$ cat structure33.txt   # compact mmCIF, C-alpha atoms
# COMPACT_ATOMS: atom_id res chain seq x y z
CA MET A 21 80.72 92.07 92.24
CA GLN A 22 84.14 91.98 93.92
CA SER A 23 87.40 92.16 92.01
CA PRO A 24 88.51 88.61 91.08
CA LEU A 25 92.04 89.10 92.44
CA ILE A 26 90.72 90.22 95.83
CA GLN A 27 88.25 87.34 95.85
CA GLU A 28 91.09 84.93 95.13
CA LEU A 29 93.19 86.41 97.93
CA ILE A 30 90.33 86.11 100.43
CA GLU A 31 89.86 82.46 99.41
CA ALA A 32 93.60 81.86 99.77
CA PHE A 33 93.66 83.20 103.33
CA ARG A 34 91.14 80.51 104.29
CA VAL A 35 93.96 77.92 104.32
CA LEU A 36 95.20 79.42 107.60
CA PRO A 37 94.02 77.66 110.77
CA GLY A 38 91.18 79.42 112.55
CA VAL A 39 90.51 81.84 109.68
CA GLY A 40 86.89 81.98 108.45
CA PRO A 41 85.41 84.07 105.63
CA LYS A 42 85.12 87.28 107.70
CA SER A 43 88.69 87.17 109.07
CA ALA A 44 90.02 86.29 105.63
CA GLN A 45 88.28 89.34 104.15
CA ARG A 46 89.60 91.53 106.95
CA MET A 47 93.16 90.30 106.36
CA ALA A 48 92.96 90.87 102.60
CA TYR A 49 91.57 94.40 102.91
CA HIS A 50 93.96 95.28 105.72
CA LEU A 51 97.02 94.40 103.62
CA LEU A 52 95.71 95.97 100.42
CA GLU A 53 94.52 99.17 102.09
CA ARG A 54 97.18 99.73 104.69
CA ASN A 55 100.25 97.52 104.43
CA LYS A 56 101.15 96.48 100.89
CA SER A 57 104.86 96.24 101.70
CA GLY A 58 104.12 93.95 104.66
CA GLY A 59 101.94 91.84 102.37
CA LEU A 60 104.74 91.54 99.83
CA LEU A 61 107.21 90.51 102.55
CA LEU A 62 104.75 87.89 103.78
CA SER A 63 104.31 86.55 100.25
CA GLN A 64 108.07 86.25 99.77
CA ALA A 65 108.74 84.70 103.20
CA LEU A 66 105.96 82.20 102.55
CA SER A 67 107.10 81.06 99.11
CA LYS A 68 110.72 80.83 100.27
CA ALA A 69 109.83 78.79 103.38
CA VAL A 70 107.48 76.48 101.46
CA GLU A 71 110.15 75.80 98.85
CA GLU A 72 113.18 75.39 101.09
CA VAL A 73 111.99 74.03 104.44
CA GLY A 74 112.07 70.25 104.75
CA HIS A 75 112.70 67.74 107.51
CA CYS A 76 115.88 67.24 109.55
CA SER A 77 117.40 63.90 108.57
CA LEU A 78 118.11 63.02 112.21
CA CYS A 79 115.16 64.31 114.25
CA ARG A 80 112.50 65.02 111.56
CA THR A 81 111.81 68.59 112.71
CA LEU A 82 111.25 71.36 110.14
CA THR A 83 114.46 72.96 108.87
CA GLU A 84 115.88 74.30 105.62
CA GLU A 85 119.18 72.47 106.19
CA GLU A 86 120.07 68.79 106.01
CA THR A 87 120.14 68.53 109.83
CA CYS A 88 118.67 71.09 112.23
CA SER A 89 120.70 73.39 114.46
CA ILE A 90 119.98 71.36 117.62
CA CYS A 91 121.09 68.06 116.05
CA GLN A 92 124.22 69.81 114.71
CA SER A 93 125.11 71.46 118.03
CA ALA A 94 128.12 69.94 119.82
CA ARG A 95 126.90 71.35 123.15
CA ARG A 96 123.83 69.12 123.43
CA ALA A 97 123.98 65.91 125.46
CA THR A 98 123.57 63.14 122.89
CA GLY A 99 122.51 60.48 125.41
CA GLU A 100 119.11 62.02 126.23
CA LEU A 101 116.46 61.96 123.54
CA CYS A 102 113.15 63.77 124.04
CA ILE A 103 110.20 62.61 121.91
CA VAL A 104 107.70 65.34 120.99
CA GLU A 105 104.78 65.53 118.58
CA SER A 106 105.58 68.78 116.76
CA PRO A 107 108.26 71.43 116.14
CA ALA A 108 106.18 73.85 118.25
CA ASP A 109 106.71 71.51 121.23
CA VAL A 110 110.47 71.76 120.68
CA GLY A 111 110.03 75.54 120.83
CA VAL A 112 108.33 75.62 124.24
CA ILE A 113 110.80 73.13 125.77
CA GLU A 114 113.73 75.18 124.43
CA GLN A 115 112.17 78.32 125.92
CA SER A 116 112.04 76.70 129.36
CA GLY A 117 115.75 75.88 129.13
CA ILE A 118 115.23 72.75 131.24
CA PHE A 119 116.42 70.21 128.68
CA GLN A 120 119.94 69.99 127.23
CA GLY A 121 119.66 66.82 125.17
CA GLN A 122 118.40 66.16 121.65
CA TYR A 123 114.92 65.79 120.21
CA PHE A 124 113.01 63.42 118.01
CA VAL A 125 109.96 65.01 116.40
CA LEU A 126 107.13 62.64 115.42
CA MET A 127 105.30 65.27 113.32
CA GLY A 128 102.02 63.83 114.61
CA HIS A 129 100.85 60.88 116.69
CA LEU A 130 99.63 57.35 116.04
CA SER A 131 96.11 57.46 114.62
CA PRO A 132 95.17 54.20 112.87
CA ILE A 133 91.76 55.58 111.80
CA ASP A 134 93.50 58.28 109.75
CA GLY A 135 96.02 55.77 108.40
CA ILE A 136 98.85 57.12 110.54
CA GLY A 137 100.89 54.15 111.74
CA PRO A 138 104.41 53.83 113.22
CA LYS A 139 106.10 54.43 109.87
CA GLN A 140 104.22 57.69 109.19
CA ILE A 141 105.54 59.19 112.44
CA GLY A 142 109.09 57.97 111.80
CA LEU A 143 109.25 55.23 114.41
CA ASP A 144 111.40 53.06 112.09
CA LEU A 145 113.97 55.86 112.12
CA LEU A 146 113.70 56.08 115.92
CA GLU A 147 114.13 52.32 116.31
CA SER A 148 117.34 52.27 114.27
CA ARG A 149 118.60 55.20 116.32
CA LEU A 150 117.86 53.34 119.57
CA SER A 151 119.54 50.18 118.33
CA ASP A 152 122.92 51.85 117.68
CA GLY A 153 123.40 52.34 121.43
CA SER A 154 123.97 56.12 121.45
CA VAL A 155 120.76 56.87 123.36
CA SER A 156 120.79 56.16 127.10
CA GLU A 157 117.48 57.74 128.14
CA LEU A 158 114.28 58.35 126.22
CA ILE A 159 112.02 61.11 127.61
CA ILE A 160 108.55 60.87 126.12
CA ALA A 161 106.82 64.25 125.91
CA THR A 162 103.82 63.50 123.68
CA ASN A 163 100.60 65.30 124.60
CA PRO A 164 98.51 63.78 127.43
CA THR A 165 95.64 63.04 125.01
CA VAL A 166 94.30 59.61 124.07
CA GLU A 167 96.43 59.49 120.91
CA GLY A 168 99.46 60.94 122.68
CA GLU A 169 99.22 58.32 125.43
CA ALA A 170 98.84 55.49 122.91
CA THR A 171 101.87 56.76 121.02
CA ALA A 172 103.85 57.01 124.28
CA HIS A 173 102.93 53.42 125.15
CA TYR A 174 104.03 52.14 121.74
CA ILE A 175 107.39 53.92 122.01
CA GLN A 176 107.86 52.67 125.58
CA GLN A 177 107.51 49.05 124.39
CA MET A 178 110.01 49.72 121.61
CA ALA A 179 112.53 51.22 124.05
CA ILE A 180 112.20 48.34 126.51
CA LYS A 181 112.95 45.88 123.71
CA GLN A 182 116.12 47.85 122.95
CA GLY A 183 117.08 48.07 126.61
CA VAL A 184 116.84 51.87 126.79
CA VAL A 185 115.63 53.68 129.95
CA VAL A 186 112.28 55.42 129.28
CA SER A 187 110.53 58.17 131.22
CA ARG A 188 107.41 60.28 130.67
CA LEU A 189 106.84 63.93 131.65
CA ALA A 190 105.01 64.21 134.98
CA GLN A 191 101.29 64.96 134.92
CA GLY A 192 99.56 66.90 137.69
CA ILE A 193 98.41 70.33 138.79
CA PRO A 194 100.03 73.07 136.65
CA MET A 195 102.02 75.81 138.42
CA GLY A 196 99.71 78.60 139.56
CA GLY A 197 96.69 76.39 138.90
CA GLU A 198 93.75 76.41 141.29
CA LEU A 199 92.19 73.16 142.48
CA GLU A 200 88.74 74.72 142.19
CA TYR A 201 89.01 75.04 138.40
CA LEU A 202 90.88 71.80 137.69
CA ASP A 203 89.30 69.03 135.60
CA SER A 204 88.79 65.75 137.39
CA GLY A 205 91.15 63.82 135.09
CA THR A 206 94.11 66.02 136.02
CA LEU A 207 93.13 65.91 139.68
CA SER A 208 92.97 62.09 139.65
CA GLN A 209 96.44 61.97 138.06
CA ALA A 210 97.77 64.34 140.72
CA PHE A 211 96.41 62.11 143.50
CA LEU A 212 97.73 58.90 141.97
CA ALA A 213 101.20 60.38 141.38
CA ARG A 214 101.46 62.18 144.75
CA ARG A 215 104.97 62.43 146.21
CA SER A 216 105.99 61.98 149.82
CA MET A 217 107.43 65.16 151.35
CA MET B 28 117.40 77.72 117.92
CA GLN B 29 114.65 77.85 115.28
CA SER B 30 115.37 77.75 111.57
CA PRO B 31 115.85 81.34 110.29
CA LEU B 32 113.40 80.87 107.40
CA ILE B 33 110.65 79.68 109.74
CA GLN B 34 111.42 82.52 112.15
CA GLU B 35 111.14 84.98 109.27
CA LEU B 36 107.81 83.50 108.19
CA ILE B 37 106.42 83.72 111.74
CA GLU B 38 107.50 87.38 111.92
CA ALA B 39 105.90 88.04 108.52
CA PHE B 40 102.53 86.63 109.63
CA ARG B 41 102.45 89.28 112.36
CA VAL B 42 101.44 91.90 109.76
CA LEU B 43 97.95 90.35 109.67
CA PRO B 44 95.34 92.04 111.87
CA GLY B 45 94.65 90.21 115.13
CA VAL B 46 97.59 87.83 114.74
CA GLY B 47 99.98 87.67 117.72
CA PRO B 48 103.16 85.61 118.15
CA LYS B 49 101.33 82.38 119.06
CA SER B 50 98.84 82.50 116.16
CA ALA B 51 101.64 83.44 113.76
CA GLN B 52 103.64 80.40 114.85
CA ARG B 53 100.58 78.19 114.51
CA MET B 54 99.92 79.48 110.97
CA ALA B 55 103.53 78.95 109.89
CA TYR B 56 103.74 75.40 111.25
CA HIS B 57 100.32 74.52 109.91
CA LEU B 58 101.24 75.47 106.35
CA LEU B 59 104.73 73.92 106.47
CA GLU B 60 103.57 70.67 108.08
CA ARG B 61 100.24 70.13 106.44
CA ASN B 62 99.46 72.40 103.53
CA LYS B 63 102.47 73.49 101.53
CA SER B 64 100.47 73.78 98.31
CA GLY B 65 97.90 76.02 100.03
CA GLY B 66 100.76 78.13 101.34
CA LEU B 67 102.20 78.51 97.87
CA LEU B 68 98.81 79.52 96.48
CA LEU B 69 98.44 82.09 99.27
CA SER B 70 101.89 83.48 98.50
CA GLN B 71 101.06 83.82 94.81
CA ALA B 72 97.60 85.32 95.36
CA LEU B 73 99.10 87.81 97.80
CA SER B 74 101.95 89.02 95.61
CA LYS B 75 99.64 89.27 92.60
CA ALA B 76 96.98 91.24 94.49
CA VAL B 77 99.55 93.55 96.12
CA GLU B 78 101.10 94.32 92.74
CA GLU B 79 97.95 94.72 90.65
CA VAL B 80 95.18 96.00 92.91
CA GLY B 81 94.79 99.76 92.99
CA HIS B 82 91.92 102.21 93.36
CA CYS B 83 88.93 102.67 91.05
CA SER B 84 89.30 106.04 89.34
CA LEU B 85 85.59 106.82 89.88
CA CYS B 86 84.68 105.47 93.33
CA ARG B 87 88.11 104.83 94.91
CA THR B 88 87.34 101.22 95.90
CA LEU B 89 90.00 98.52 95.52
CA THR B 90 90.16 96.97 92.06
CA GLU B 91 92.77 95.71 89.63
CA GLU B 92 91.12 97.55 86.74
CA GLU B 93 90.91 101.25 85.89
CA THR B 94 87.28 101.39 87.10
CA CYS B 95 85.57 98.77 89.25
CA SER B 96 82.83 96.42 88.03
CA ILE B 97 80.06 98.37 89.79
CA CYS B 98 81.10 101.71 88.27
CA GLN B 99 81.37 100.01 84.85
CA SER B 100 77.98 98.31 85.07
CA ALA B 101 75.26 99.77 82.82
CA ARG B 102 72.57 98.29 85.09
CA ARG B 103 73.29 100.48 88.10
CA ALA B 104 71.25 103.65 88.67
CA THR B 105 73.75 106.48 88.26
CA GLY B 106 71.67 109.07 90.10
CA GLU B 107 72.03 107.50 93.56
CA LEU B 108 75.43 107.61 95.19
CA CYS B 109 76.09 105.76 98.45
CA ILE B 110 79.05 106.96 100.54
CA VAL B 111 80.80 104.25 102.57
CA GLU B 112 84.05 104.11 104.52
CA SER B 113 85.57 100.90 103.12
CA PRO B 114 85.31 98.27 100.35
CA ALA B 115 84.06 95.80 102.99
CA ASP B 116 81.04 98.06 103.50
CA VAL B 117 80.30 97.87 99.75
CA GLY B 118 80.40 94.08 100.18
CA VAL B 119 77.75 93.89 102.91
CA ILE B 120 75.44 96.34 101.13
CA GLU B 121 75.77 94.35 97.90
CA GLN B 122 74.97 91.16 99.81
CA SER B 123 71.73 92.69 101.10
CA GLY B 124 70.70 93.54 97.52
CA ILE B 125 68.80 96.63 98.74
CA PHE B 126 70.79 99.23 96.81
CA GLN B 127 70.96 99.52 93.03
CA GLY B 128 72.95 102.73 92.64
CA GLN B 129 76.66 103.45 92.69
CA TYR B 130 79.16 103.85 95.50
CA PHE B 131 81.81 106.25 96.60
CA VAL B 132 84.37 104.69 98.94
CA LEU B 133 86.18 107.07 101.29
CA MET B 134 88.82 104.48 102.31
CA GLY B 135 88.67 105.89 105.83
CA HIS B 136 87.04 108.79 107.65
CA LEU B 137 87.97 112.34 108.65
CA SER B 138 90.46 112.22 111.48
CA PRO B 139 92.38 115.52 111.81
CA ILE B 140 94.57 114.17 114.65
CA ASP B 141 95.97 111.52 112.30
CA GLY B 142 96.36 114.06 109.51
CA ILE B 143 93.42 112.68 107.55
CA GLY B 144 91.56 115.64 106.06
CA PRO B 145 88.98 115.92 103.24
CA LYS B 146 91.60 115.41 100.52
CA GLN B 147 92.93 112.16 102.02
CA ILE B 148 89.47 110.59 101.85
CA GLY B 149 88.87 111.82 98.31
CA LEU B 150 86.28 114.50 99.05
CA ASP B 151 87.74 116.73 96.30
CA LEU B 152 86.90 113.95 93.83
CA LEU B 153 83.42 113.65 95.35
CA GLU B 154 82.84 117.40 95.12
CA SER B 155 83.70 117.51 91.42
CA ARG B 156 81.40 114.53 90.86
CA LEU B 157 78.55 116.30 92.67
CA SER B 158 79.11 119.52 90.71
CA ASP B 159 78.64 117.87 87.28
CA GLY B 160 74.96 117.30 88.05
CA SER B 161 74.83 113.52 87.49
CA VAL B 162 74.08 112.70 91.14
CA SER B 163 70.53 113.34 92.35
CA GLU B 164 70.69 111.72 95.80
CA LEU B 165 73.56 111.15 98.18
CA ILE B 166 73.04 108.34 100.72
CA ILE B 167 75.58 108.61 103.52
CA ALA B 168 76.42 105.21 105.04
CA THR B 169 79.49 106.00 107.13
CA ASN B 170 79.73 104.17 110.45
CA PRO B 171 77.73 105.61 113.38
CA THR B 172 80.94 106.39 115.28
CA VAL B 173 82.21 109.85 116.30
CA GLU B 174 84.50 110.05 113.24
CA GLY B 175 81.85 108.58 110.94
CA GLU B 176 79.27 111.13 112.11
CA ALA B 177 81.73 114.02 111.67
CA THR B 178 82.53 112.79 108.17
CA ALA B 179 78.80 112.48 107.39
CA HIS B 180 78.20 116.05 108.60
CA TYR B 181 81.05 117.40 106.43
CA ILE B 182 79.71 115.62 103.34
CA GLN B 183 76.16 116.78 104.08
CA GLN B 184 77.33 120.44 104.06
CA MET B 185 79.13 119.85 100.78
CA ALA B 186 76.03 118.30 99.18
CA ILE B 187 73.76 121.11 100.36
CA LYS B 188 76.12 123.65 98.76
CA GLN B 189 75.83 121.72 95.46
CA GLY B 190 72.05 121.42 95.77
CA VAL B 191 72.03 117.62 96.02
CA VAL B 192 69.50 115.75 98.20
CA VAL B 193 71.26 114.01 101.11
CA SER B 194 70.09 111.20 103.37
CA ARG B 195 71.67 109.10 106.09
CA LEU B 196 71.00 105.43 106.92
CA ALA B 197 68.46 105.06 109.73
CA GLN B 198 69.73 104.28 113.21
CA GLY B 199 67.73 102.28 115.74
CA ILE B 200 67.14 98.82 117.13
CA PRO B 201 68.71 96.11 114.89
CA MET B 202 66.42 93.35 113.54
CA GLY B 203 66.18 90.51 116.08
CA GLY B 204 67.74 92.74 118.74
CA GLU B 205 66.44 92.65 122.30
CA LEU B 206 65.75 95.87 124.19
CA GLU B 207 67.20 94.36 127.35
CA TYR B 208 70.69 94.12 125.83
CA LEU B 209 70.68 97.37 123.85
CA ASP B 210 73.13 100.16 124.67
CA SER B 211 71.53 103.44 125.79
CA GLY B 212 72.91 105.40 122.81
CA THR B 213 71.10 103.18 120.31
CA LEU B 214 67.95 103.19 122.45
CA SER B 215 67.95 107.02 122.61
CA GLN B 216 68.31 107.17 118.81
CA ALA B 217 65.42 104.72 118.42
CA PHE B 218 63.18 106.90 120.64
CA LEU B 219 64.14 110.15 118.89
CA ALA B 220 63.59 108.67 115.42
CA ARG B 221 60.36 106.80 116.29
CA ARG B 222 57.84 106.50 113.43
CA SER B 223 54.07 106.88 113.63
CA MET B 224 52.23 103.64 112.78
$ encode --input "structure33.txt" --output "structure tokens"
Amino acid sequence: MQSPLIQELIEAFRVLPGVGPKSAQRMAYHLLERNKSGGLLLSQALSKAVEEVGHCSLCRTLTEEETCSICQSARRATGELCIVESPADVGVIEQSGIFQGQYFVLMGHLSPIDGIGPKQIGLDLLESRLSDGSVSELIIATNPTVEGEATAHYIQQMAIKQGVVVSRLAQGIPMGGELEYLDSGTLSQAFLARRSM
Amino acid sequence: MQSPLIQELIEAFRVLPGVGPKSAQRMAYHLLERNKSGGLLLSQALSKAVEEVGHCSLCRTLTEEETCSICQSARRATGELCIVESPADVGVIEQSGIFQGQYFVLMGHLSPIDGIGPKQIGLDLLESRLSDGSVSELIIATNPTVEGEATAHYIQQMAIKQGVVVSRLAQGIPMGGELEYLDSGTLSQAFLARRSM
């Protein structure tokens, strides 16, 4: 009994991650009842981004230009290359300000079951970049999940073959974390990688 | 350091209810990385709905036509008029299938502090509809909140003046509810409105 256009809009909102039928309905009514101009801006931003955003030709991250602003920047150290799974990972590392080198974004991780092999995550591109000698250290920052670890291992082997130094982000107790609430996997890692002081 | 188009899209997603900076970023990356076609469909559905959806001239609900499908329907009893606060409320009542009459959608509730008086929620339209004699019973289904109750009281007075029978949805223990977890307000209502059996 609902208007077809509203029904369509509610269906369309379901493409967003974590949005079920109730949230989708709430979003549709909210925009139509209270913020039509915001809805129009969202529609325009979305269509523009979908049409113009592609991948950086050097690091594969999302950008509307040929190469992204980090790859273009003359201020970044070109010798250090940090491997991450997604553009969101680049965002959090940039926020921390700890890293001044360049990135390589896999846009995923190895997952043979889903048909995602080395080529799908751009490892051929990475290999050719390693072979031209411009990269002196590879810092692997894939997620500490099973797939992330497998991907890290694969890249490590590739780097060794090319004679490039490889490192992996440290795993252990997070800052402000409490031992009491830590999972045993993290705790084991923290024991194994303990540092003398 | 993020692409301006992506930044704009993340900002735009913030207009949605319950969406903070992290969720907005997740939505933007999800669509750009994995579901561009879904994103495009959402953009189109949104702009179309924002442009074409307006209010039903009879019941004020959201619709892209002059009058909504329920007001148009010849099968609905025209004597019973159910007053609700929002189009979403029409949706849940329709889903239950319990009501066969027509609706009047306030699109809000009385809230003098926010400058929302009788006119803003269409009570002038409701009054003229009551005065033409076509409505025999008014069923008030505003939310059992302070504002909803005040709105219900105002409408009740209006209906009495016009000589129309008024009723209000029953309040009490919800089906499947457990006394142990019930708030005292609901429990008091259930005691006061107890039925002989």
$ atom_distance --input "structure33.txt" --atom1 "atom CA of Asn170 of chain B" --atom2 "atom CA of Leu36 of chain A"
29.3 Å
$ closest_atom_pairs --input "structure33.txt" --of "chain B" --to "chain A" --cutoff "8 Å" --atoms "all atoms listed in the file" --output "JSON lines"
{"residue": "B:Met28", "atom": "CA", "partner": "A:Ser89", "partner_atom": "CA", "distance": 6.5}
{"residue": "B:Gln29", "atom": "CA", "partner": "A:Ser89", "partner_atom": "CA", "distance": 7.6}
{"residue": "B:Ser30", "atom": "CA", "partner": "A:Thr83", "partner_atom": "CA", "distance": 5.6}
{"residue": "B:Leu32", "atom": "CA", "partner": "A:Ala69", "partner_atom": "CA", "distance": 5.8}
{"residue": "B:Ile33", "atom": "CA", "partner": "A:Ala69", "partner_atom": "CA", "distance": 6.5}
{"residue": "B:Glu35", "atom": "CA", "partner": "A:Ala65", "partner_atom": "CA", "distance": 6.5}
{"residue": "B:Leu36", "atom": "CA", "partner": "A:Ala65", "partner_atom": "CA", "distance": 5.2}
{"residue": "B:Ala39", "atom": "CA", "partner": "A:Leu62", "partner_atom": "CA", "distance": 4.9}
{"residue": "B:Phe40", "atom": "CA", "partner": "A:Leu62", "partner_atom": "CA", "distance": 6.4}
{"residue": "B:Val42", "atom": "CA", "partner": "A:Gly58", "partner_atom": "CA", "distance": 6.1}
{"residue": "B:Leu43", "atom": "CA", "partner": "A:Met47", "partner_atom": "CA", "distance": 5.8}
{"residue": "B:Pro44", "atom": "CA", "partner": "A:Met47", "partner_atom": "CA", "distance": 6.2}
{"residue": "B:Gln52", "atom": "CA", "partner": "A:Ala108", "partner_atom": "CA", "distance": 7.8}
{"residue": "B:Arg53", "atom": "CA", "partner": "A:Pro37", "partner_atom": "CA", "distance": 7.6}
{"residue": "B:Met54", "atom": "CA", "partner": "A:Leu36", "partner_atom": "CA", "distance": 5.8}
{"residue": "B:Tyr56", "atom": "CA", "partner": "A:Ala108", "partner_atom": "CA", "distance": 7.6}
{"residue": "B:His57", "atom": "CA", "partner": "A:Pro37", "partner_atom": "CA", "distance": 7.1}
{"residue": "B:Leu58", "atom": "CA", "partner": "A:Leu36", "partner_atom": "CA", "distance": 7.3}
{"residue": "B:Leu59", "atom": "CA", "partner": "A:Val70", "partner_atom": "CA", "distance": 6.3}
{"residue": "B:Glu60", "atom": "CA", "partner": "A:Met127", "partner_atom": "CA", "distance": 7.7}
{"residue": "B:Asn62", "atom": "CA", "partner": "A:Val35", "partner_atom": "CA", "distance": 7.8}
{"residue": "B:Lys63", "atom": "CA", "partner": "A:Val70", "partner_atom": "CA", "distance": 5.8}
{"residue": "B:Gly65", "atom": "CA", "partner": "A:Val35", "partner_atom": "CA", "distance": 6.1}
{"residue": "B:Gly66", "atom": "CA", "partner": "A:Leu66", "partner_atom": "CA", "distance": 6.7}
{"residue": "B:Leu67", "atom": "CA", "partner": "A:Ser67", "partner_atom": "CA", "distance": 5.7}
{"residue": "B:Leu68", "atom": "CA", "partner": "A:Ala32", "partner_atom": "CA", "distance": 6.6}
{"residue": "B:Leu69", "atom": "CA", "partner": "A:Ala32", "partner_atom": "CA", "distance": 4.9}
{"residue": "B:Ser70", "atom": "CA", "partner": "A:Ser63", "partner_atom": "CA", "distance": 4.3}
{"residue": "B:Gln71", "atom": "CA", "partner": "A:Ser63", "partner_atom": "CA", "distance": 6.9}
{"residue": "B:Ala72", "atom": "CA", "partner": "A:Leu29", "partner_atom": "CA", "distance": 5.2}
{"residue": "B:Leu73", "atom": "CA", "partner": "A:Ser63", "partner_atom": "CA", "distance": 5.9}
{"residue": "B:Ser74", "atom": "CA", "partner": "A:Leu60", "partner_atom": "CA", "distance": 5.7}
{"residue": "B:Lys75", "atom": "CA", "partner": "A:Leu25", "partner_atom": "CA", "distance": 7.6}
{"residue": "B:Ala76", "atom": "CA", "partner": "A:Leu25", "partner_atom": "CA", "distance": 5.8}
{"residue": "B:Val77", "atom": "CA", "partner": "A:Lys56", "partner_atom": "CA", "distance": 5.8}
{"residue": "B:Val80", "atom": "CA", "partner": "A:Leu52", "partner_atom": "CA", "distance": 7.5}
{"residue": "B:Leu89", "atom": "CA", "partner": "A:Ser23", "partner_atom": "CA", "distance": 7.7}
{"residue": "B:Thr90", "atom": "CA", "partner": "A:Ser23", "partner_atom": "CA", "distance": 5.5}
{"residue": "B:Glu91", "atom": "CA", "partner": "A:Ser23", "partner_atom": "CA", "distance": 6.9}
{"residue": "B:Cys95", "atom": "CA", "partner": "A:Ser23", "partner_atom": "CA", "distance": 7.4}
{"residue": "B:Ser96", "atom": "CA", "partner": "A:Met21", "partner_atom": "CA", "distance": 6.4}
{"residue": "B:Ile97", "atom": "CA", "partner": "A:Met21", "partner_atom": "CA", "distance": 6.8}
{"residue": "B:Pro114", "atom": "CA", "partner": "A:Tyr49", "partner_atom": "CA", "distance": 7.8}
{"residue": "B:Ala115", "atom": "CA", "partner": "A:Tyr49", "partner_atom": "CA", "distance": 7.6}
{"residue": "B:Gly118", "atom": "CA", "partner": "A:Gln22", "partner_atom": "CA", "distance": 7.6}
{"residue": "B:Glu121", "atom": "CA", "partner": "A:Met21", "partner_atom": "CA", "distance": 7.9}
{"residue": "B:Met134", "atom": "CA", "partner": "A:Glu53", "partner_atom": "CA", "distance": 7.8}
$ atom_distance --input "structure33.txt" --atom1 "atom CA of Leu101 of chain A" --atom2 "atom CA of Phe211 of chain A"
28.3 Å
$ atom_distance --input "structure33.txt" --atom1 "atom CA of Gly149 of chain B" --atom2 "atom CA of Arg87 of chain B"
7.8 Å
$ closest_residue --input "structure33.txt" --among "A:Leu143, A:Val104, A:Thr87, A:Pro194" --to "Gly168 of chain A" --atoms "only C-alpha atoms"
A:Val104
$ residues_around --input "structure33.txt" --residues "Leu85 of chain B" --least-positions-apart "5" --cutoff "10 Å" --atoms "only C-alpha atoms" --output "PyMOL selection string"
chain B and resi 93-95+98-99+129-132+152-153+156
$ write_last_selection --input "structure33.txt" --atoms "C-alpha atoms" --output "compact mmCIF listing (two decimals), keeping the file's coordinate frame"
# COMPACT_ATOMS: atom_id res chain seq x y z
CA GLU B 93 90.91 101.25 85.89
CA THR B 94 87.28 101.39 87.10
CA CYS B 95 85.57 98.77 89.25
CA CYS B 98 81.10 101.71 88.27
CA GLN B 99 81.37 100.01 84.85
CA GLN B 129 76.66 103.45 92.69
CA TYR B 130 79.16 103.85 95.50
CA PHE B 131 81.81 106.25 96.60
CA VAL B 132 84.37 104.69 98.94
CA LEU B 152 86.90 113.95 93.83
CA LEU B 153 83.42 113.65 95.35
CA ARG B 156 81.40 114.53 90.86
